[in-house]
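Novice: Data file query_20.cif (mmCIF, C-alpha atoms and all ligand atoms) is appended below.
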```cif
data_work
loop_
_atom_site.label_atom_id
_atom_site.label_comp_id
_atom_site.auth_asym_id
_atom_site.auth_seq_id
_atom_site.Cartn_x
_atom_site.Cartn_y
_atom_site.Cartn_z
CA MET A 29 4.15 -0.19 -27.51
CA TYR A 30 2.63 -0.13 -24.07
CA SER A 31 0.29 2.82 -24.46
CA ARG A 32 -2.44 0.55 -23.15
CA TYR A 33 -1.00 1.12 -19.68
CA SER A 34 -1.90 4.77 -19.67
CA ARG A 35 -5.21 4.39 -21.49
CA ARG A 36 -6.47 1.64 -19.25
CA ARG A 37 -4.89 3.01 -16.15
CA ALA A 38 -7.95 3.78 -14.08
CA LEU A 39 -9.75 0.70 -15.26
CA THR A 40 -6.89 -1.65 -14.53
CA LEU A 41 -6.38 -0.15 -11.11
CA GLY A 42 -10.02 -0.42 -10.21
CA ALA A 43 -10.30 -4.00 -11.31
CA GLY A 44 -6.81 -4.84 -10.20
CA VAL A 45 -7.53 -4.55 -6.55
CA LEU A 46 -10.33 -7.01 -6.86
CA SER A 47 -8.98 -9.35 -9.44
CA GLY A 48 -7.89 -12.51 -7.78
CA ILE A 49 -10.00 -11.85 -4.77
CA GLY A 50 -12.85 -13.86 -6.12
CA THR A 51 -15.91 -13.94 -8.19
CA VAL A 52 -18.23 -13.14 -5.34
CA ILE A 53 -18.26 -9.46 -6.17
CA GLY A 54 -21.29 -8.61 -8.20
CA ALA A 55 -22.71 -12.14 -7.99
CA LYS A 56 -26.05 -11.79 -6.26
CA ALA A 57 -26.07 -15.28 -4.71
CA GLY A 58 -22.62 -14.71 -3.23
CA VAL A 59 -23.62 -11.37 -1.80
CA LYS A 60 -26.66 -12.94 -0.14
CA ALA A 61 -24.59 -15.81 1.25
CA ALA A 62 -22.14 -13.31 2.67
CA TYR A 63 -24.96 -11.42 4.31
CA ARG A 64 -26.41 -14.58 5.86
CA HIS A 65 -22.99 -15.40 7.23
CA TYR A 66 -22.57 -11.95 8.75
CA GLN A 67 -26.05 -12.08 10.20
CA ALA A 68 -25.27 -15.20 12.18
CA GLN A 69 -21.71 -14.35 13.13
CA ILE A 70 -21.96 -10.65 13.81
CA LEU A 71 -25.28 -8.91 13.44
CA ASP A 72 -27.28 -11.30 15.64
CA ASN A 73 -24.38 -12.03 17.94
CA PRO A 74 -24.69 -10.02 21.17
CA ASP A 75 -21.12 -10.92 22.15
CA ARG A 76 -19.71 -9.19 19.11
CA THR A 77 -19.21 -5.71 20.51
CA PHE A 78 -16.50 -3.27 19.58
CA GLU A 79 -15.83 -1.76 22.94
CA THR A 80 -12.41 -0.37 23.62
CA ALA A 81 -10.59 0.28 26.85
CA GLY A 82 -10.47 4.08 26.85
CA GLU A 83 -10.01 6.53 24.01
CA THR A 84 -6.24 6.52 23.63
CA PRO A 85 -5.35 7.30 19.99
CA LEU A 86 -4.19 4.53 17.68
CA LYS A 87 -0.61 5.73 17.50
CA GLN A 88 -0.09 5.40 21.27
CA ARG A 89 -1.81 2.03 21.39
CA ALA A 90 0.45 0.83 18.58
CA GLN A 91 3.56 2.33 20.10
CA ALA A 92 2.89 0.48 23.35
CA LYS A 93 3.22 -2.73 21.30
CA GLY A 94 6.31 -1.68 19.37
CA LEU A 95 4.15 -1.11 16.30
CA ILE A 96 3.74 1.94 14.09
CA TYR A 97 0.26 3.07 13.08
CA GLY A 98 -0.16 5.54 10.24
CA ALA A 99 -2.42 6.52 7.36
CA ALA A 100 -2.24 7.71 3.77
CA ALA A 101 -3.34 11.23 2.85
CA ARG A 102 -3.48 13.46 -0.18
CA HIS A 103 -1.94 16.92 -0.17
CA GLN A 104 -5.15 18.51 -1.41
CA ASP A 105 -7.06 17.17 1.61
CA LEU A 106 -4.47 17.42 4.35
CA MET A 107 -3.46 20.98 3.50
CA THR A 108 -6.97 22.38 3.16
CA ASP A 109 -8.99 20.56 5.82
CA ARG A 110 -7.68 21.74 9.18
CA THR A 111 -9.82 19.44 11.26
CA LEU A 112 -8.65 16.49 9.21
CA ALA A 113 -5.04 17.51 9.78
CA THR A 114 -5.70 17.59 13.54
CA HIS A 115 -6.90 14.00 13.43
CA TYR A 116 -3.79 12.87 11.54
CA ARG A 117 -1.68 14.51 14.22
CA THR A 118 -3.65 12.79 16.95
CA GLU A 119 -3.93 9.30 15.51
CA CYS A 120 -0.90 8.77 13.31
CA ALA A 121 2.79 8.17 13.93
CA LEU A 122 3.36 7.90 10.19
CA LEU A 123 2.11 9.58 7.03
CA ALA A 124 1.95 7.90 3.62
CA PRO A 125 1.59 10.52 0.88
CA GLU A 126 -1.06 8.94 -1.35
CA TRP A 127 -0.23 10.75 -4.61
CA GLU A 128 2.76 12.97 -4.10
CA LEU A 129 5.59 10.42 -4.33
CA LYS A 130 4.16 8.56 -7.31
CA TRP A 131 5.39 9.56 -10.75
CA SER A 132 2.08 11.24 -11.49
CA ALA A 133 -1.25 10.84 -9.66
CA GLY A 134 -4.28 13.12 -9.42
CA ASN A 135 -3.11 16.72 -9.23
CA ALA A 136 0.27 15.65 -7.88
CA ARG A 137 2.74 15.47 -10.72
CA LEU A 138 6.16 14.70 -9.39
CA ARG A 139 7.29 14.00 -12.95
CA THR A 140 5.81 17.08 -14.55
CA ALA A 141 7.78 16.80 -17.77
CA PRO A 142 10.50 14.47 -19.08
CA ASN A 143 13.29 16.73 -17.92
CA GLN A 144 11.68 18.08 -14.78
CA PHE A 145 10.68 17.10 -11.27
CA ASP A 146 8.23 19.10 -9.16
CA PHE A 147 8.80 18.35 -5.51
CA THR A 148 6.53 21.06 -4.13
CA MET A 149 3.71 18.83 -2.90
CA ALA A 150 5.98 16.01 -1.78
CA ASP A 151 8.10 18.48 0.21
CA GLU A 152 5.02 19.91 1.91
CA MET A 153 3.74 16.48 2.87
CA ILE A 154 7.09 15.44 4.28
CA ASN A 155 7.41 18.76 6.04
CA PHE A 156 3.96 18.27 7.61
CA ALA A 157 5.01 14.83 8.83
CA GLN A 158 8.27 16.09 10.27
CA THR A 159 6.66 19.06 11.97
CA HIS A 160 4.33 16.70 13.77
CA ALA A 161 6.90 14.01 14.56
CA MET A 162 5.45 11.55 12.08
CA GLN A 163 7.49 9.16 9.99
CA VAL A 164 6.95 8.91 6.24
CA ARG A 165 6.29 6.03 3.84
CA GLY A 166 7.24 6.45 0.23
CA ASN A 167 4.75 4.95 -2.27
CA THR A 168 5.90 4.12 -4.91
CA LEU A 169 9.01 4.15 -7.07
CA VAL A 170 8.40 1.42 -9.64
CA TRP A 171 4.82 0.66 -10.64
CA HIS A 172 3.02 0.04 -13.91
CA LEU A 173 0.35 2.62 -13.04
CA CYS A 174 0.39 6.36 -12.38
CA LEU A 175 3.03 6.95 -15.01
CA PRO A 176 2.90 10.32 -16.80
CA GLU A 177 1.37 10.59 -20.27
CA TRP A 178 4.76 11.21 -21.85
CA PHE A 179 6.29 8.05 -20.39
CA THR A 180 5.63 5.87 -23.42
CA GLU A 181 7.14 8.39 -25.83
CA GLN A 182 10.27 8.90 -23.80
CA VAL A 183 11.19 5.56 -22.29
CA ASN A 184 12.43 2.81 -24.59
CA HIS A 185 14.68 -0.25 -24.64
CA GLN A 186 17.79 1.86 -25.05
CA ASN A 187 17.24 4.25 -22.17
CA ALA A 188 14.89 2.45 -19.72
CA GLU A 189 17.67 1.64 -17.30
CA GLN A 190 18.82 5.26 -17.30
CA TRP A 191 15.28 6.34 -16.47
CA LEU A 192 14.90 3.87 -13.65
CA VAL A 193 18.26 4.73 -12.10
CA GLN A 194 17.78 8.44 -12.46
CA HIS A 195 14.24 8.46 -11.02
CA ILE A 196 15.14 6.42 -7.96
CA GLN A 197 18.40 8.21 -7.30
CA THR A 198 16.77 11.60 -7.55
CA VAL A 199 13.68 10.93 -5.46
CA VAL A 200 15.16 8.60 -2.84
CA GLY A 201 18.34 10.68 -2.70
CA ARG A 202 16.42 13.89 -2.08
CA TYR A 203 14.62 12.42 0.92
CA ALA A 204 17.43 10.23 2.20
CA GLY A 205 17.16 9.84 5.96
CA GLN A 206 13.61 11.25 5.93
CA VAL A 207 11.60 8.31 4.65
CA GLN A 208 11.13 5.38 7.03
CA SER A 209 10.34 2.93 4.22
CA TRP A 210 9.96 2.97 0.46
CA ASP A 211 7.70 0.80 -1.66
CA VAL A 212 10.48 0.27 -4.15
CA VAL A 213 8.58 -2.08 -6.44
CA ASN A 214 4.79 -2.24 -6.41
CA GLU A 215 2.53 -5.00 -7.75
CA ALA A 216 5.10 -6.81 -9.89
CA ILE A 217 3.40 -10.20 -9.60
CA GLU A 218 0.35 -11.23 -11.60
CA PRO A 219 0.31 -14.96 -12.34
CA ALA A 220 -2.69 -14.48 -14.64
CA ASP A 221 -0.40 -12.65 -17.08
CA GLY A 222 1.15 -16.06 -17.85
CA GLN A 223 4.78 -14.99 -17.69
CA ALA A 224 7.77 -16.72 -16.12
CA HIS A 225 7.85 -16.52 -12.31
CA GLY A 226 4.34 -15.07 -12.29
CA LEU A 227 5.70 -11.67 -13.23
CA ARG A 228 3.22 -9.05 -14.31
CA ARG A 229 3.57 -7.60 -17.79
CA THR A 230 4.57 -4.04 -17.10
CA PRO A 231 6.46 -1.40 -19.07
CA TRP A 232 9.50 -1.91 -16.82
CA GLN A 233 9.42 -5.65 -17.21
CA GLU A 234 8.99 -5.43 -20.99
CA LEU A 235 11.87 -3.00 -21.28
CA LEU A 236 14.31 -4.37 -18.72
CA ASP A 237 13.20 -7.93 -18.13
CA ALA A 238 12.93 -9.40 -14.62
CA ASP A 239 16.20 -7.72 -13.60
CA TYR A 240 14.43 -4.44 -13.09
CA ILE A 241 13.31 -5.55 -9.64
CA ASP A 242 16.78 -6.26 -8.28
CA LEU A 243 18.15 -3.15 -9.96
CA ALA A 244 15.49 -0.91 -8.42
CA PHE A 245 16.28 -2.17 -4.91
CA ARG A 246 20.01 -1.71 -5.40
CA ILE A 247 19.65 1.86 -6.59
CA ALA A 248 17.33 2.67 -3.69
CA ALA A 249 19.72 1.11 -1.17
CA ALA A 250 22.60 3.16 -2.51
CA ALA A 251 20.53 6.36 -2.49
CA ASP A 252 19.31 5.96 1.11
CA PRO A 253 21.18 3.55 3.34
CA LYS A 254 18.60 3.93 6.12
CA ALA A 255 15.21 3.40 4.49
CA VAL A 256 13.49 0.05 4.86
CA LEU A 257 13.10 -1.19 1.28
CA THR A 258 9.80 -2.88 0.63
CA TYR A 259 8.14 -5.00 -2.04
CA ASN A 260 4.42 -4.15 -1.94
CA ASP A 261 1.48 -6.09 -3.40
CA TYR A 262 -2.24 -6.85 -3.14
CA GLY A 263 -4.27 -10.04 -3.55
CA LEU A 264 -2.42 -11.92 -0.81
CA GLU A 265 -5.08 -11.94 1.86
CA TYR A 266 -7.73 -14.52 0.98
CA ASP A 267 -8.11 -18.24 0.52
CA THR A 268 -9.01 -18.09 -3.14
CA PRO A 269 -7.14 -19.97 -5.87
CA GLU A 270 -5.92 -16.64 -7.29
CA ASN A 271 -4.64 -15.35 -3.97
CA GLN A 272 -3.04 -18.70 -3.20
CA THR A 273 -1.14 -18.66 -6.50
CA LYS A 274 -0.12 -15.09 -5.93
CA ARG A 275 1.12 -15.78 -2.39
CA GLN A 276 3.29 -18.54 -3.82
CA ALA A 277 4.67 -16.37 -6.60
CA VAL A 278 5.40 -13.50 -4.20
CA LEU A 279 7.12 -15.85 -1.78
CA GLN A 280 9.25 -17.23 -4.60
CA LEU A 281 10.13 -13.73 -5.73
CA LEU A 282 11.18 -12.82 -2.19
CA GLU A 283 13.23 -16.01 -1.93
CA ARG A 284 14.99 -15.29 -5.23
CA LEU A 285 15.75 -11.73 -4.21
CA LYS A 286 17.12 -12.78 -0.83
CA ALA A 287 19.19 -15.56 -2.43
CA GLN A 288 20.82 -13.17 -4.89
CA GLY A 289 21.59 -10.60 -2.22
CA THR A 290 19.10 -7.94 -3.28
CA PRO A 291 18.79 -5.31 -0.52
CA ILE A 292 15.14 -5.94 0.33
CA HIS A 293 13.94 -5.62 3.92
CA ALA A 294 10.17 -5.92 4.04
CA LEU A 295 7.02 -7.17 2.36
CA GLY A 296 4.10 -4.75 2.15
CA ILE A 297 0.71 -6.46 2.17
CA GLN A 298 -1.69 -3.84 0.88
CA SER A 299 -4.81 -5.35 2.48
CA HIS A 300 -7.63 -3.74 0.56
CA LEU A 301 -10.13 -6.10 2.18
CA VAL A 302 -13.39 -6.99 0.50
CA GLY A 303 -16.60 -6.65 2.53
CA ASN A 304 -18.41 -9.66 1.13
CA GLU A 305 -15.46 -11.98 0.59
CA LEU A 306 -15.86 -14.86 3.01
CA ARG A 307 -12.87 -16.90 1.94
CA PHE A 308 -10.65 -15.75 4.78
CA ASN A 309 -8.45 -18.50 6.17
CA PRO A 310 -6.46 -17.52 9.26
CA GLN A 311 -4.32 -20.63 9.12
CA LYS A 312 -3.16 -20.07 5.54
CA LEU A 313 -2.53 -16.42 6.19
CA ARG A 314 -0.49 -17.21 9.30
CA GLN A 315 1.56 -19.70 7.33
CA PHE A 316 2.29 -17.13 4.64
CA LEU A 317 3.32 -14.52 7.21
CA SER A 318 5.61 -16.96 8.91
CA ASP A 319 7.16 -18.05 5.59
CA VAL A 320 7.90 -14.41 4.78
CA ALA A 321 9.26 -13.78 8.28
CA SER A 322 11.56 -16.79 8.01
CA LEU A 323 13.31 -15.09 5.09
CA GLY A 324 14.36 -12.42 7.57
CA LEU A 325 11.90 -9.87 6.20
CA LYS A 326 9.68 -7.50 8.13
CA ILE A 327 6.02 -7.29 7.19
CA PHE A 328 4.06 -4.07 6.83
CA ILE A 329 0.32 -3.72 6.33
CA THR A 330 0.47 -0.83 3.93
CA GLU A 331 -2.95 0.11 2.55
CA LEU A 332 -5.61 -1.30 4.81
CA ASP A 333 -9.27 -0.47 4.15
CA VAL A 334 -12.52 -2.39 3.60
CA ILE A 335 -14.30 -2.23 0.24
CA ASP A 336 -17.99 -2.01 1.20
CA ARG A 337 -19.37 -1.86 -2.32
CA GLU A 338 -21.51 -4.97 -1.97
CA LEU A 339 -22.48 -4.60 1.68
CA PRO A 340 -25.99 -3.60 2.79
CA GLN A 341 -26.91 0.07 2.69
CA SER A 342 -27.79 0.38 6.38
CA VAL A 343 -24.96 2.28 8.02
CA GLU A 344 -25.37 0.42 11.27
CA VAL A 345 -25.25 -3.01 9.65
CA ARG A 346 -22.43 -2.05 7.33
CA ASP A 347 -20.30 -0.59 10.10
CA ARG A 348 -20.63 -3.72 12.21
CA ILE A 349 -19.59 -5.93 9.33
CA ILE A 350 -16.66 -3.68 8.44
CA ALA A 351 -15.51 -3.55 12.06
CA SER A 352 -15.58 -7.32 12.34
CA ILE A 353 -13.55 -7.67 9.15
CA TYR A 354 -10.92 -5.31 10.55
CA GLU A 355 -10.73 -7.10 13.86
CA ASP A 356 -10.69 -10.63 12.44
CA PHE A 357 -8.00 -9.77 9.88
CA LEU A 358 -5.81 -7.77 12.24
CA SER A 359 -5.94 -10.27 15.05
CA VAL A 360 -4.31 -12.82 12.73
CA ILE A 361 -1.89 -10.33 11.21
CA LEU A 362 -0.70 -8.73 14.43
CA ASP A 363 -0.05 -12.08 16.03
CA GLU A 364 2.96 -12.46 13.74
CA PRO A 365 5.90 -10.69 15.41
CA ALA A 366 7.48 -9.79 12.04
CA VAL A 367 4.56 -7.41 11.43
CA LYS A 368 5.82 -4.01 12.51
CA MET A 369 3.51 -1.50 10.93
CA LEU A 370 -0.10 -0.86 10.14
CA VAL A 371 -1.14 1.81 7.64
CA THR A 372 -4.74 2.51 6.62
CA TRP A 373 -5.27 3.89 3.11
CA GLY A 374 -6.76 7.11 4.41
CA LEU A 375 -8.05 8.01 7.86
CA SER A 376 -11.57 9.32 7.34
CA ASP A 377 -14.38 8.22 5.03
CA ARG A 378 -14.50 11.87 3.95
CA TYR A 379 -11.51 11.14 1.72
CA SER A 380 -11.08 7.64 0.36
CA TRP A 381 -9.85 6.47 -3.02
CA LEU A 382 -12.76 3.96 -2.93
CA THR A 383 -15.24 6.79 -3.48
CA GLU A 384 -13.84 6.90 -6.99
CA PHE A 385 -12.57 3.38 -7.55
CA HIS A 386 -15.26 1.26 -5.88
CA PRO A 387 -18.35 3.41 -5.41
CA ARG A 388 -21.56 1.82 -4.19
CA ALA A 389 -24.33 1.16 -6.66
CA ASP A 390 -26.92 2.76 -4.35
CA GLY A 391 -24.97 6.00 -4.37
CA SER A 392 -24.47 6.05 -0.60
CA ALA A 393 -21.07 7.10 0.67
CA VAL A 394 -18.41 4.44 1.24
CA ARG A 395 -17.37 3.77 4.87
CA PRO A 396 -14.03 1.96 4.59
CA LEU A 397 -11.88 3.80 7.15
CA PRO A 398 -11.46 4.31 10.92
CA LEU A 399 -13.16 7.73 11.11
CA ASP A 400 -16.52 8.53 9.54
CA GLY A 401 -17.27 11.39 7.15
CA ASN A 402 -17.66 13.74 10.13
CA LEU A 403 -14.25 12.71 11.39
CA GLN A 404 -15.74 10.81 14.32
CA ARG A 405 -14.31 7.50 15.47
CA LYS A 406 -16.56 4.66 14.37
CA SER A 407 -16.61 0.95 15.07
CA ALA A 408 -13.85 0.37 12.49
CA TRP A 409 -11.59 2.57 14.64
CA ARG A 410 -12.59 0.57 17.72
CA ALA A 411 -11.94 -2.72 15.96
CA ILE A 412 -8.43 -1.59 15.00
CA ALA A 413 -7.80 -0.36 18.54
CA ARG A 414 -8.98 -3.69 19.98
CA ALA A 415 -6.76 -5.71 17.64
CA ILE A 416 -3.76 -3.57 18.50
CA ASP A 417 -4.50 -3.83 22.23
CA ALA A 418 -4.64 -7.63 21.91
CA ALA A 419 -1.37 -7.86 19.95
CA PRO A 420 1.82 -9.17 21.54
CA VAL A 421 4.51 -6.60 22.33
CA ARG A 422 7.29 -6.39 19.72
CA SER A 423 10.80 -6.50 21.03
CA SER A 424 11.70 -2.94 20.07
CA GLN A 425 10.50 -0.08 17.94
CA SER A 426 13.89 0.12 16.29
CA ALA A 427 12.94 -3.06 14.49
CA CYS A 428 11.22 -0.75 12.06
CA PHE A 429 14.52 0.46 10.78
CA ARG A 430 17.12 -1.25 8.74
CA SER A 431 19.31 -3.29 11.00
CA SER A 432 22.51 -3.02 9.03
CA ASN A 433 24.03 -0.07 7.29
CA HIS A 434 25.27 -2.24 4.54
CA SER A 435 26.01 0.00 1.64
CA PHE A 436 25.22 -1.11 -1.85
CA ALA A 437 27.56 0.62 -4.22
CA LEU A 438 26.19 1.10 -7.69
CA GLU A 439 28.15 -0.52 -10.40
CA GLN A 440 29.83 1.66 -12.98
CA PRO A 441 27.40 0.99 -15.84
CA HIS A 442 24.53 2.35 -13.74
CA LEU A 443 26.44 5.47 -12.84
CA ARG A 444 27.33 5.97 -16.48
CA ALA A 445 23.74 5.33 -17.44
CA ILE A 446 22.40 8.36 -15.65
CA LYS A 447 24.82 10.78 -17.23
CA GLY A 448 23.51 12.37 -20.36
CA LEU A 449 19.89 12.64 -19.33
CA GLY A 450 20.43 16.34 -18.62
CA LEU A 451 17.67 16.72 -16.10
CA ASN A 452 16.84 19.88 -14.21
CA HIS A 453 15.45 19.48 -10.78
C1 LIG B 1 -4.06 4.80 -5.47
C2 LIG B 1 -4.60 6.10 -4.90
O1 LIG B 1 -5.31 5.85 -3.73
C3 LIG B 1 -5.46 6.74 -5.94
O2 LIG B 1 -5.98 7.96 -5.46
C4 LIG B 1 -4.63 6.98 -7.21
O3 LIG B 1 -5.40 7.54 -8.20
C5 LIG B 1 -4.07 5.67 -7.69
O4 LIG B 1 -3.35 5.03 -6.67
N1 LIG B 1 -2.29 0.18 -4.70
C6 LIG B 1 -1.29 1.07 -4.37
C7 LIG B 1 -1.61 2.48 -4.13
O5 LIG B 1 -0.13 0.68 -4.18
O6 LIG B 1 -0.55 3.32 -4.49
C8 LIG B 1 -2.87 2.86 -4.87
O7 LIG B 1 -3.19 4.20 -4.54
C9 LIG B 1 -3.99 1.91 -4.54
C10 LIG B 1 -3.66 0.51 -4.98
#
```
Please rewrite the model in this file as structure tokens.

Specialist:
Amino acid sequence: MYSRYSRRRALTLGAGVLSGIGTVIGAKAGVKAAYRHYQAQILDNPDRTFETAGETPLKQRAQAKGLIYGAAARHQDLMTDRTLATHYRTECALLAPEWELKWSAGNARLRTAPNQFDFTMADEMINFAQTHAMQVRGNTLVWHLCLPEWFTEQVNHQNAEQWLVQHIQTVVGRYAGQVQSWDVVNEAIEPADGQAHGLRRTPWQELLDADYIDLAFRIAAAADPKAVLTYNDYGLEYDTPENQTKRQAVLQLLERLKAQGTPIHALGIQSHLVGNELRFNPQKLRQFLSDVASLGLKIFITELDVIDRELPQSVEVRDRIIASIYEDFLSVILDEPAVKMLVTWGLSDRYSWLTEFHPRADGSAVRPLPLDGNLQRKSAWRAIARAIDAAPVRSSQSACFRSSNHSFALEQPHLRAIKGLGLNH
């Protein structure tokens, strides 16, 4: 019924990040206009430097402001590249396993087979984080992508709720007390799909209707009373009609969830920024952040990077543009006190998902992250450091944890639902 989700997985994901961000991508005139803009504002502007006060790592700079800085990493990179691992230890107070806590991504197959979990890689990632006093973000429990091949054969209208309950209970339960925050539901809004409330058409939504979102949060809350439970999405950052509609739909979703007592604690704004997208409107973004904050939610920047696919080839020029995008975006974001965390989607250009998902036409390596391919700090790192240094101090670091220990007991039908699956793990 929904086999298209697995077949078109890579395609949808690649396009997904950009859809709604605008039509500038690929349009030659737009790319040129963007370049002219950057030339005037950044490249020919002698005042636009990216100097930092000292070389203190990002995690200490963030900590001084009551913020957490962290980065995503894949097991296959972190466990084999010792120098890379050293940089994670130096820069990051938090680790976001990029593949290992998804149902199935890359060589990390948490859901190896219908009746089996393989926690080996996830355990090693979490162990690495704990050994080096880093917190952990869990990404992601309920998403329409990165589902195993067998998902469509196994999960149907009759048993979908059992599957959802059992997956969340098992994974969240196993790491209870060890994961700072979970992306419980990921990318559930897509107004272009034309459904009620702007909900995306996903396997979960088709099988369980809109209730799957509330249910997922309740199961997660019961399985780990400490984790900060997050709704995570992209396409919220720019002043485009698509992003505007999506911001509205996300805000309405958050309002509905809060009104019905769903245990949700934070919004994750992915922030895959687009190098040549000029429609950035600080005022509208500030308004959105403050609307979210007024619901009593924390805000996390969860997957920050800059897509440089359409930027000029020159490394010097590209790096300056990328750095300015980081600094301009973060100075707005970090001004909002509800923002408590900043996570880049990788640490070094040596390993970025954009190499695969948004490669450059000229074949040159992408440069979306704080460290370059030789693991050296580049101007993107300095821009992030500057924005953090300029941010107001948050009241306390403990704000990153759930304030109440409210426990959400699962109702009997859900408990009954998971019996009978007969899973080994
Ligand atoms: C991506 C990973 O970076 C890729 O390596 C993987 O193949 C697919 O998922 N939004 C999210 C992240 O919430 O989980 C995605 O991560 C990127 C888009």

Novice: What is the atom O7 of ligand LIG 1 (chain B) to atom CA of Thr84 of chain A distance in Å?

Specialist: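 Answer for the atom O7 of ligand LIG 1 (chain B) to atom CA of Thr84 of chain A separation: 28.4 Å.
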
Novice: What is the atom CA of His300 of chain A-atom CA of Val334 of chain A distance in Å, reported with one decimal?

Specialist: 5.9 Å

Novice: Have a look at atom CA of Phe145 of chain A and atom CA of Leu122 of chain A and let me know their distance in Å, one decimal.

Specialist: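 Taking atom CA of Phe145 of chain A as the start and atom CA of Leu122 of chain A as the end point, the length is 24.5 Å.
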
Novice: Can you pull out the residues contacting Leu317 of chain A? Cut-off 12 Å, using all atoms listed in the file, and skip same-chain residues under 2 positions away; I want them as a PyMOL selection string.

Specialist: chain A and resi 264-265+275-276+278-279+294-297+310-315+319-329+360-367

Novice: Those residues with C-alpha atoms, as a short mmCIF file (atom, residue, chain, number, x, y, z; two decimals), in the frame of the given file please?

Specialist:
```
data_model
loop_
_atom_site.label_atom_id
_atom_site.label_comp_id
_atom_site.auth_asym_id
_atom_site.auth_seq_id
_atom_site.Cartn_x
_atom_site.Cartn_y
_atom_site.Cartn_z
CA LEU A 264 -2.42 -11.92 -0.81
CA GLU A 265 -5.08 -11.94 1.86
CA ARG A 275 1.12 -15.78 -2.39
CA GLN A 276 3.29 -18.54 -3.82
CA VAL A 278 5.40 -13.50 -4.20
CA LEU A 279 7.12 -15.85 -1.78
CA ALA A 294 10.17 -5.92 4.04
CA LEU A 295 7.02 -7.17 2.36
CA GLY A 296 4.10 -4.75 2.15
CA ILE A 297 0.71 -6.46 2.17
CA PRO A 310 -6.46 -17.52 9.26
CA GLN A 311 -4.32 -20.63 9.12
CA LYS A 312 -3.16 -20.07 5.54
CA LEU A 313 -2.53 -16.42 6.19
CA ARG A 314 -0.49 -17.21 9.30
CA GLN A 315 1.56 -19.70 7.33
CA ASP A 319 7.16 -18.05 5.59
CA VAL A 320 7.90 -14.41 4.78
CA ALA A 321 9.26 -13.78 8.28
CA SER A 322 11.56 -16.79 8.01
CA LEU A 323 13.31 -15.09 5.09
CA GLY A 324 14.36 -12.42 7.57
CA LEU A 325 11.90 -9.87 6.20
CA LYS A 326 9.68 -7.50 8.13
CA ILE A 327 6.02 -7.29 7.19
CA PHE A 328 4.06 -4.07 6.83
CA ILE A 329 0.32 -3.72 6.33
CA VAL A 360 -4.31 -12.82 12.73
CA ILE A 361 -1.89 -10.33 11.21
CA LEU A 362 -0.70 -8.73 14.43
CA ASP A 363 -0.05 -12.08 16.03
CA GLU A 364 2.96 -12.46 13.74
CA PRO A 365 5.90 -10.69 15.41
CA ALA A 366 7.48 -9.79 12.04
CA VAL A 367 4.56 -7.41 11.43
#
```

Novice: For a quick check of understanding, using all atoms listed in the file, which of A:Thr111, A:Asn135, A:Gln223, A:Gln91 has the smallest distance to ligand LIG 1 (chain B)?

Specialist: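 Selected residue with least distance to ligand LIG 1 (chain B): A:Asn135.
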
Novice: With distances taken over only C-alpha atoms, which residue among A:His160, A:Arg165, A:Tyr203, A:Glu126 lies nearest Phe147 of chain A?

Specialist: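 Nearest to Phe147 of chain A: A:Tyr203.
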
Novice: Counting only C-alpha atoms and all ligand atoms, give me one row per residue of chain A with an atom at most 9 Å from an atom of ligand LIG 1 (chain B), showing the shortest contact pair and its distance in Å to one decimal, sorted by chain then residue number, as a Markdown table.

Specialist:
```
| residue | atom | partner | partner_atom | distance |
| --- | --- | --- | --- | --- |
| A:Arg37 | CA | B:LIG1 | C5 | 8.9 |
| A:Ala38 | CA | B:LIG1 | O3 | 7.4 |
| A:Leu41 | CA | B:LIG1 | C10 | 6.7 |
| A:Gly42 | CA | B:LIG1 | C10 | 8.3 |
| A:Gly44 | CA | B:LIG1 | C10 | 8.1 |
| A:Val45 | CA | B:LIG1 | C10 | 6.6 |
| A:Ala100 | CA | B:LIG1 | O1 | 8.3 |
| A:Ala101 | CA | B:LIG1 | O1 | 8.7 |
| A:Arg102 | CA | B:LIG1 | O2 | 8.0 |
| A:Glu126 | CA | B:LIG1 | C2 | 5.8 |
| A:Trp127 | CA | B:LIG1 | C4 | 6.4 |
| A:Lys130 | CA | B:LIG1 | O6 | 7.6 |
| A:Ser132 | CA | B:LIG1 | O3 | 9.0 |
| A:Ala133 | CA | B:LIG1 | O3 | 5.5 |
| A:Gly134 | CA | B:LIG1 | O3 | 5.8 |
| A:Asn167 | CA | B:LIG1 | O6 | 6.0 |
| A:Thr168 | CA | B:LIG1 | O6 | 6.5 |
| A:Trp171 | CA | B:LIG1 | O5 | 8.1 |
| A:Leu173 | CA | B:LIG1 | C5 | 7.6 |
| A:Cys174 | CA | B:LIG1 | C5 | 6.5 |
| A:Asp211 | CA | B:LIG1 | O5 | 8.2 |
| A:Asn214 | CA | B:LIG1 | O5 | 6.1 |
| A:Glu215 | CA | B:LIG1 | O5 | 7.2 |
| A:Asn260 | CA | B:LIG1 | O5 | 7.0 |
| A:Asp261 | CA | B:LIG1 | O5 | 7.0 |
| A:Tyr262 | CA | B:LIG1 | N1 | 7.2 |
| A:Gln298 | CA | B:LIG1 | N1 | 6.9 |
| A:His300 | CA | B:LIG1 | C10 | 8.0 |
| A:Thr330 | CA | B:LIG1 | O5 | 8.3 |
| A:Glu331 | CA | B:LIG1 | C6 | 7.2 |
| A:Trp373 | CA | B:LIG1 | O1 | 7.1 |
| A:Gly374 | CA | B:LIG1 | O1 | 8.4 |
| A:Ser380 | CA | B:LIG1 | O1 | 7.3 |
| A:Trp381 | CA | B:LIG1 | O1 | 4.6 |
| A:Leu382 | CA | B:LIG1 | O1 | 7.7 |
| A:Glu384 | CA | B:LIG1 | O2 | 8.1 |
| A:Phe385 | CA | B:LIG1 | C3 | 8.0 |
```
